Amino acid sequence: MERTFTEQELVRRGKLDKIRELGLDPFGHKYEVTDYSLEIKEKYGSKTHEELENSNVEVCVAGRIMFIRKMGKASFFSIKDKLGSIQVYISINDVGEDVYTLFKSADIGDIVGVRGKVMMTQTGEVTIKCMEYTHLVKALKPLPEKYHGLVDVEERFRRRYVDLIMNDDARKVAFARPKIIRSIQHYLDNLGYVEVETPILGTILGGAAARPFVTHHNSQDIDMYLRIATELNLKRLLVGGMDAVYEIGRIFRNEGMDKKHNPEFTTIELYKAFSDLEGMMDITEGLVSTCAYELNGTYELDYLGKHISLKPKFKRAHMVDLIKEASGVDFFKVSSTEEAKKKAEEHGVEIEDHFEYGHIVNAFFEKYVESTIVEPTFVFGHPVEISPLAKKDTKDERFTERFELFILGCEYANAFTELNDPIDQFERFESQLKEKDLGNEEANDMDIDFVEALEYGMPPAGGMGLGIDRLVMLLTGSETIREVILFPTMKPEIKNK
């Protein structure tokens, strides 16, 4: 494929031969890094010029040149490493004429190594006085302008590597995400949970209400699904005697994309034998608050223009009570689907052909309540029709022992006292099949192997699933899910040949 280059790109490519003529590899070799910019600044930022002169501190860093102020026989430049940027002073008297000439041919974006002594400038900036300059990598493309970066939002996500170079906020989020995941792992590991891995490919659609991606296994000549949840396999492990398990993994749902949804995303699901809904509330609350504190050093945060606290204890409220408070309709006193449909018509709540009593209750919640929740709130008591894997409420079997965690109108977690009655589970799956026949494309399949697993006996248990991406959004102040996924799903870029 023939490629065309800009004038700047041609100039940079022309410098490759000059670098080779000096006996150097334009794309570098191993370099021993012993120090990082932020650590140097934190350690020596309070020292005076005289103190640093006397202490003779030597450091060795490597990074990308982000700024150059070339002068006669001495210049300043800054390099950016994984932790931030630091200024470097380079002089022909310290590195010699040949090396200084090499430096003066450098471009912004090149990657270099610097060994030198820490000093303090007259303006009070921690700086490395370069004693040894090493060319490592020639950048053949120029970086975007410093103060504009990648202005096109689509380009930011499509060329994430450039975004990470230019955008400190993007880099901060990229490093925060694994810290949050480590916090989750440490929190659960300390409680005796075991992290496991379960298959991504399966032949049964189950564990959630969602449309799947379908693929084909050539050897067995069968269609398979990319998983829409990890739930059923994790509960099989409870049957097998692993009494506290969790999995952090990719989930795939063939649905729309918006600020809170990407076709592939990351969840954690955890299951604990001999626990229940209350136990899951406690562990969810502890997990979220711990992540917040370990990342930001506080439970308080401002997000989307509102201040919230993630300090335990979170509010707990029944779905029906919240609906009554917002709309005046008390679904505890609504006794049939027909009466529920009448209430929906009176209150302008849209319903679909397969809707029964429980679907209508949920529709009321989505219209009147969901967007009004600000502080962290466990909403429990979901109807049985929308909770095929949750145990029924013994006080009112129209509802289940299930909760969702809402913060600022967004769902973050979903949990049950798990259904472990194989007869009830079989009937729930049959109801899901009927819904599918009536047009519900998100209904579950019949998973007879899971029913048979329950027939061997699954301990009473609690289970919870939480969206990692949304949690990272919340804790880093990111407004869209694409900010917290390093390479979000994008339409293919159409390039001119």
# chains A, B, ... in the order shown; residues from 1 in each chain; ligands from 1
call {"tool": "residues_around", "arguments": {"residues": "Ala390 in chain A", "least_positions_apart": "3", "cutoff": "8 Å", "atoms": "only C-alpha atoms", "output": "PDB file with C-alpha atoms, in the first residue's frame"}}
result
ATOM      1  CA  VAL A 384     -39.939 -12.308  40.443  1.00  0.00           C
ATOM      2  CA  SER A 387     -35.327 -11.918  38.611  1.00  0.00           C
ATOM      3  CA  THR A 400     -37.419 -11.627  45.373  1.00  0.00           C
ATOM      4  CA  GLU A 401     -34.452 -11.209  47.670  1.00  0.00           C
ATOM      5  CA  ARG A 402     -32.557  -9.070  45.181  1.00  0.00           C
ATOM      6  CA  PHE A 416     -29.408 -11.856  45.090  1.00  0.00           C
ATOM      7  CA  THR A 417     -30.042 -14.325  47.768  1.00  0.00           C
ATOM      8  CA  GLU A 418     -29.385 -17.035  45.213  1.00  0.00           C
ATOM      9  CA  LEU A 419     -32.109 -19.370  44.053  1.00  0.00           C
TER      10      LEU A 419
END
call {"tool": "atom_distance", "arguments": {"atom1": "CA of Asn93 in chain A", "atom2": "CA of Gly72 in chain A"}}
result
11.5 Å
call {"tool": "select_by_dssp", "arguments": {"residues": "range 99-197 of chain A", "states": "alpha helix (DSSP H)", "output": "ChimeraX atom specification"}}
result
/A:99-104,153-158,160-166,168-190
call {"tool": "write_last_selection", "arguments": {"atoms": "N, CA and C atoms", "output": "short mmCIF file (atom, residue, chain, number, x, y, z; two decimals), in the first residue's frame"}}
result
data_model
loop_
_atom_site.label_atom_id
_atom_site.label_comp_id
_atom_site.auth_asym_id
_atom_site.auth_seq_id
_atom_site.Cartn_x
_atom_site.Cartn_y
_atom_site.Cartn_z
N VAL A 99 27.82 14.75 21.20
CA VAL A 99 26.54 14.41 21.84
C VAL A 99 25.59 15.60 21.81
N TYR A 100 26.15 16.80 22.02
CA TYR A 100 25.29 17.98 22.01
C TYR A 100 24.72 18.23 20.61
N THR A 101 25.51 17.95 19.59
CA THR A 101 25.02 18.06 18.22
C THR A 101 23.89 17.05 17.96
N LEU A 102 24.07 15.83 18.50
CA LEU A 102 23.02 14.81 18.39
C LEU A 102 21.74 15.30 19.06
N PHE A 103 21.88 15.87 20.25
CA PHE A 103 20.70 16.38 20.95
C PHE A 103 20.00 17.47 20.14
N LYS A 104 20.78 18.37 19.53
CA LYS A 104 20.18 19.49 18.81
C LYS A 104 19.41 19.04 17.57
N VAL A 153 -12.81 14.07 19.66
CA VAL A 153 -13.01 13.05 20.68
C VAL A 153 -12.87 11.64 20.10
N GLU A 154 -13.39 11.42 18.90
CA GLU A 154 -13.27 10.11 18.27
C GLU A 154 -11.80 9.73 18.08
N GLU A 155 -10.99 10.71 17.67
CA GLU A 155 -9.57 10.44 17.46
C GLU A 155 -8.87 10.10 18.78
N ARG A 156 -9.32 10.74 19.87
CA ARG A 156 -8.73 10.44 21.18
C ARG A 156 -8.85 8.96 21.49
N PHE A 157 -10.02 8.39 21.26
CA PHE A 157 -10.24 6.99 21.62
C PHE A 157 -9.67 6.05 20.55
N ARG A 158 -9.66 6.51 19.30
CA ARG A 158 -9.14 5.67 18.22
C ARG A 158 -7.62 5.57 18.31
N ARG A 160 -5.56 5.95 21.06
CA ARG A 160 -5.40 6.07 22.51
C ARG A 160 -3.94 6.26 22.90
N TYR A 161 -3.03 5.69 22.12
CA TYR A 161 -1.61 5.83 22.43
C TYR A 161 -1.17 7.29 22.39
N VAL A 162 -1.71 8.08 21.45
CA VAL A 162 -1.37 9.50 21.40
C VAL A 162 -2.08 10.24 22.54
N ASP A 163 -3.31 9.85 22.81
CA ASP A 163 -4.06 10.46 23.91
C ASP A 163 -3.32 10.30 25.23
N LEU A 164 -2.74 9.12 25.45
CA LEU A 164 -2.01 8.87 26.69
C LEU A 164 -0.73 9.70 26.78
N ILE A 165 -0.12 9.99 25.63
CA ILE A 165 1.07 10.84 25.62
C ILE A 165 0.71 12.27 25.98
N MET A 166 -0.37 12.78 25.39
CA MET A 166 -0.69 14.20 25.48
C MET A 166 -1.60 14.57 26.64
N ASP A 168 -2.77 14.15 30.35
CA ASP A 168 -2.43 13.65 31.69
C ASP A 168 -3.64 13.03 32.39
N ASP A 169 -4.85 13.54 32.12
CA ASP A 169 -6.04 12.97 32.74
C ASP A 169 -6.28 11.55 32.24
N ALA A 170 -6.08 11.32 30.95
CA ALA A 170 -6.25 9.98 30.38
C ALA A 170 -5.24 9.01 30.98
N ARG A 171 -4.03 9.49 31.16
CA ARG A 171 -2.98 8.65 31.75
C ARG A 171 -3.31 8.33 33.21
N LYS A 172 -3.83 9.31 33.92
CA LYS A 172 -4.21 9.12 35.32
C LYS A 172 -5.27 8.03 35.44
N VAL A 173 -6.27 8.07 34.56
CA VAL A 173 -7.33 7.05 34.58
C VAL A 173 -6.76 5.68 34.24
N ALA A 174 -5.85 5.64 33.25
CA ALA A 174 -5.27 4.36 32.83
C ALA A 174 -4.54 3.68 33.98
N PHE A 175 -3.87 4.46 34.82
CA PHE A 175 -3.16 3.89 35.97
C PHE A 175 -4.09 3.64 37.16
N ALA A 176 -5.18 4.42 37.24
CA ALA A 176 -6.12 4.24 38.35
C ALA A 176 -6.91 2.95 38.22
N ARG A 177 -7.26 2.59 37.01
CA ARG A 177 -8.09 1.39 36.80
C ARG A 177 -7.46 0.13 37.41
N PRO A 178 -6.21 -0.21 37.08
CA PRO A 178 -5.65 -1.42 37.72
C PRO A 178 -5.52 -1.29 39.24
N LYS A 179 -5.33 -0.06 39.75
CA LYS A 179 -5.29 0.11 41.21
C LYS A 179 -6.64 -0.27 41.83
N ILE A 180 -7.73 0.13 41.17
CA ILE A 180 -9.06 -0.21 41.68
C ILE A 180 -9.27 -1.72 41.65
N ILE A 181 -8.84 -2.34 40.57
CA ILE A 181 -9.00 -3.80 40.46
C ILE A 181 -8.17 -4.51 41.54
N ARG A 182 -6.96 -4.01 41.78
CA ARG A 182 -6.13 -4.61 42.85
C ARG A 182 -6.79 -4.43 44.22
N SER A 183 -7.43 -3.28 44.43
CA SER A 183 -8.13 -3.06 45.71
C SER A 183 -9.24 -4.08 45.89
N ILE A 184 -9.98 -4.34 44.82
CA ILE A 184 -11.05 -5.33 44.88
C ILE A 184 -10.49 -6.71 45.21
N GLN A 185 -9.42 -7.08 44.50
CA GLN A 185 -8.83 -8.40 44.73
C GLN A 185 -8.31 -8.55 46.16
N HIS A 186 -7.61 -7.54 46.64
CA HIS A 186 -7.07 -7.62 48.01
C HIS A 186 -8.19 -7.70 49.04
N TYR A 187 -9.24 -6.90 48.83
CA TYR A 187 -10.36 -6.88 49.75
C TYR A 187 -11.00 -8.26 49.85
N LEU A 188 -11.26 -8.88 48.70
CA LEU A 188 -11.92 -10.19 48.69
C LEU A 188 -10.98 -11.31 49.12
N ASP A 189 -9.73 -11.23 48.69
CA ASP A 189 -8.76 -12.26 49.09
C ASP A 189 -8.64 -12.30 50.62
N ASN A 190 -8.64 -11.13 51.24
CA ASN A 190 -8.52 -11.07 52.70
C ASN A 190 -9.75 -11.62 53.41
#
call {"tool": "residues_around", "arguments": {"residues": "Met281 in chain A", "least_positions_apart": "2", "cutoff": "9 Å", "atoms": "only C-alpha atoms", "output": "VMD selection string"}}
result
chain A and resid 276 to 279 283 to 286 314 316 378 403 405 415 464
call {"tool": "write_last_selection", "arguments": {"atoms": "N, CA and C atoms", "output": "PDB file, in the first residue's frame"}}
result
ATOM      1  N   ASP A 276     -26.429 -14.324  52.298  1.00  0.00           N
ATOM      2  CA  ASP A 276     -27.733 -13.936  51.761  1.00  0.00           C
ATOM      3  C   ASP A 276     -27.673 -12.495  51.296  1.00  0.00           C
ATOM      4  N   LEU A 277     -28.851 -11.897  51.057  1.00  0.00           N
ATOM      5  CA  LEU A 277     -28.925 -10.545  50.530  1.00  0.00           C
ATOM      6  C   LEU A 277     -28.244  -9.543  51.456  1.00  0.00           C
ATOM      7  N   GLU A 278     -28.487  -9.661  52.754  1.00  0.00           N
ATOM      8  CA  GLU A 278     -27.869  -8.743  53.703  1.00  0.00           C
ATOM      9  C   GLU A 278     -26.345  -8.858  53.661  1.00  0.00           C
ATOM     10  N   GLY A 279     -25.858 -10.078  53.556  1.00  0.00           N
ATOM     11  CA  GLY A 279     -24.414 -10.284  53.458  1.00  0.00           C
ATOM     12  C   GLY A 279     -23.835  -9.642  52.213  1.00  0.00           C
ATOM     13  N   ILE A 283     -20.948  -6.690  51.872  1.00  0.00           N
ATOM     14  CA  ILE A 283     -19.689  -6.849  51.139  1.00  0.00           C
ATOM     15  C   ILE A 283     -19.588  -5.851  49.988  1.00  0.00           C
ATOM     16  N   THR A 284     -20.715  -5.513  49.357  1.00  0.00           N
ATOM     17  CA  THR A 284     -20.704  -4.528  48.271  1.00  0.00           C
ATOM     18  C   THR A 284     -20.339  -3.154  48.813  1.00  0.00           C
ATOM     19  N   GLU A 285     -20.954  -2.807  49.921  1.00  0.00           N
ATOM     20  CA  GLU A 285     -20.669  -1.538  50.584  1.00  0.00           C
ATOM     21  C   GLU A 285     -19.188  -1.444  50.968  1.00  0.00           C
ATOM     22  N   GLY A 286     -18.658  -2.507  51.540  1.00  0.00           N
ATOM     23  CA  GLY A 286     -17.257  -2.527  51.940  1.00  0.00           C
ATOM     24  C   GLY A 286     -16.317  -2.443  50.759  1.00  0.00           C
ATOM     25  N   PHE A 314     -24.656   2.649  53.473  1.00  0.00           N
ATOM     26  CA  PHE A 314     -25.484   3.108  52.374  1.00  0.00           C
ATOM     27  C   PHE A 314     -26.968   2.953  52.727  1.00  0.00           C
ATOM     28  N   ARG A 316     -30.818   1.844  52.382  1.00  0.00           N
ATOM     29  CA  ARG A 316     -31.460   0.609  51.913  1.00  0.00           C
ATOM     30  C   ARG A 316     -32.964   0.847  51.853  1.00  0.00           C
ATOM     31  N   PHE A 378     -29.140   0.983  48.197  1.00  0.00           N
ATOM     32  CA  PHE A 378     -29.486  -0.395  47.856  1.00  0.00           C
ATOM     33  C   PHE A 378     -31.004  -0.463  47.670  1.00  0.00           C
ATOM     34  N   PHE A 403     -31.169  -7.069  45.191  1.00  0.00           N
ATOM     35  CA  PHE A 403     -30.987  -5.617  45.239  1.00  0.00           C
ATOM     36  C   PHE A 403     -30.148  -5.144  44.064  1.00  0.00           C
ATOM     37  N   LEU A 405     -27.569  -1.665  43.412  1.00  0.00           N
ATOM     38  CA  LEU A 405     -26.970  -0.472  43.999  1.00  0.00           C
ATOM     39  C   LEU A 405     -27.036   0.659  42.983  1.00  0.00           C
ATOM     40  N   ALA A 415     -27.466  -7.907  42.978  1.00  0.00           N
ATOM     41  CA  ALA A 415     -27.181  -9.024  43.883  1.00  0.00           C
ATOM     42  C   ALA A 415     -28.461  -9.751  44.291  1.00  0.00           C
ATOM     43  N   MET A 464     -23.247 -11.442  43.952  1.00  0.00           N
ATOM     44  CA  MET A 464     -23.278 -10.043  43.547  1.00  0.00           C
ATOM     45  C   MET A 464     -22.445  -9.835  42.299  1.00  0.00           C
TER      46      MET A 464
END
call {"tool": "residues_around", "arguments": {"residues": "Phe331 in chain A", "least_positions_apart": "6", "cutoff": "9 Å", "atoms": "only C-alpha atoms", "output": "PyMOL selection string"}}
result
chain A and resi 320-321+323-324+340+361
call {"tool": "residues_around", "arguments": {"residues": "range 308-313 of chain A", "least_positions_apart": "3", "cutoff": "6 Å", "atoms": "only C-alpha atoms", "output": "mmCIF file with N, CA and C atoms, in the first residue's frame"}}
result
data_model
loop_
_atom_site.group_PDB
_atom_site.id
_atom_site.type_symbol
_atom_site.label_atom_id
_atom_site.label_comp_id
_atom_site.auth_asym_id
_atom_site.auth_seq_id
_atom_site.Cartn_x
_atom_site.Cartn_y
_atom_site.Cartn_z
ATOM 1 N N SER A 289 -16.554 1.235 49.103
ATOM 2 C CA SER A 289 -15.958 2.267 49.970
ATOM 3 C C SER A 289 -14.453 2.072 50.107
ATOM 4 N N TYR A 299 -13.667 9.213 51.317
ATOM 5 C CA TYR A 299 -14.935 8.638 50.864
ATOM 6 C C TYR A 299 -15.758 9.665 50.090
ATOM 7 N N GLU A 300 -15.380 10.926 50.186
ATOM 8 C CA GLU A 300 -16.153 12.004 49.559
ATOM 9 C C GLU A 300 -15.692 12.204 48.118
ATOM 10 N N LEU A 301 -16.642 12.492 47.236
ATOM 11 C CA LEU A 301 -16.256 12.809 45.863
ATOM 12 C C LEU A 301 -17.317 13.665 45.189
ATOM 13 N N GLU A 375 -27.523 9.721 46.405
ATOM 14 C CA GLU A 375 -26.598 9.034 47.318
ATOM 15 C C GLU A 375 -26.664 7.517 47.110
#
call {"tool": "residues_around", "arguments": {"residues": "His354 in chain A", "least_positions_apart": "6", "cutoff": "12 Å", "atoms": "only C-alpha atoms", "output": "ChimeraX atom specification"}}
result
/A:337,341,360,385-386,431-443
call {"tool": "select_by_dssp", "arguments": {"residues": "range 253-343 of chain A", "states": "strand (DSSP E)", "output": "MDAnalysis selection string"}}
result
chainID A and resid 264:273 300:303 306:309 315:318
call {"tool": "residues_around", "arguments": {"residues": "Ser371 in chain A", "least_positions_apart": "2", "cutoff": "12 Å", "atoms": "only C-alpha atoms", "output": "count of residues only"}}
result
17
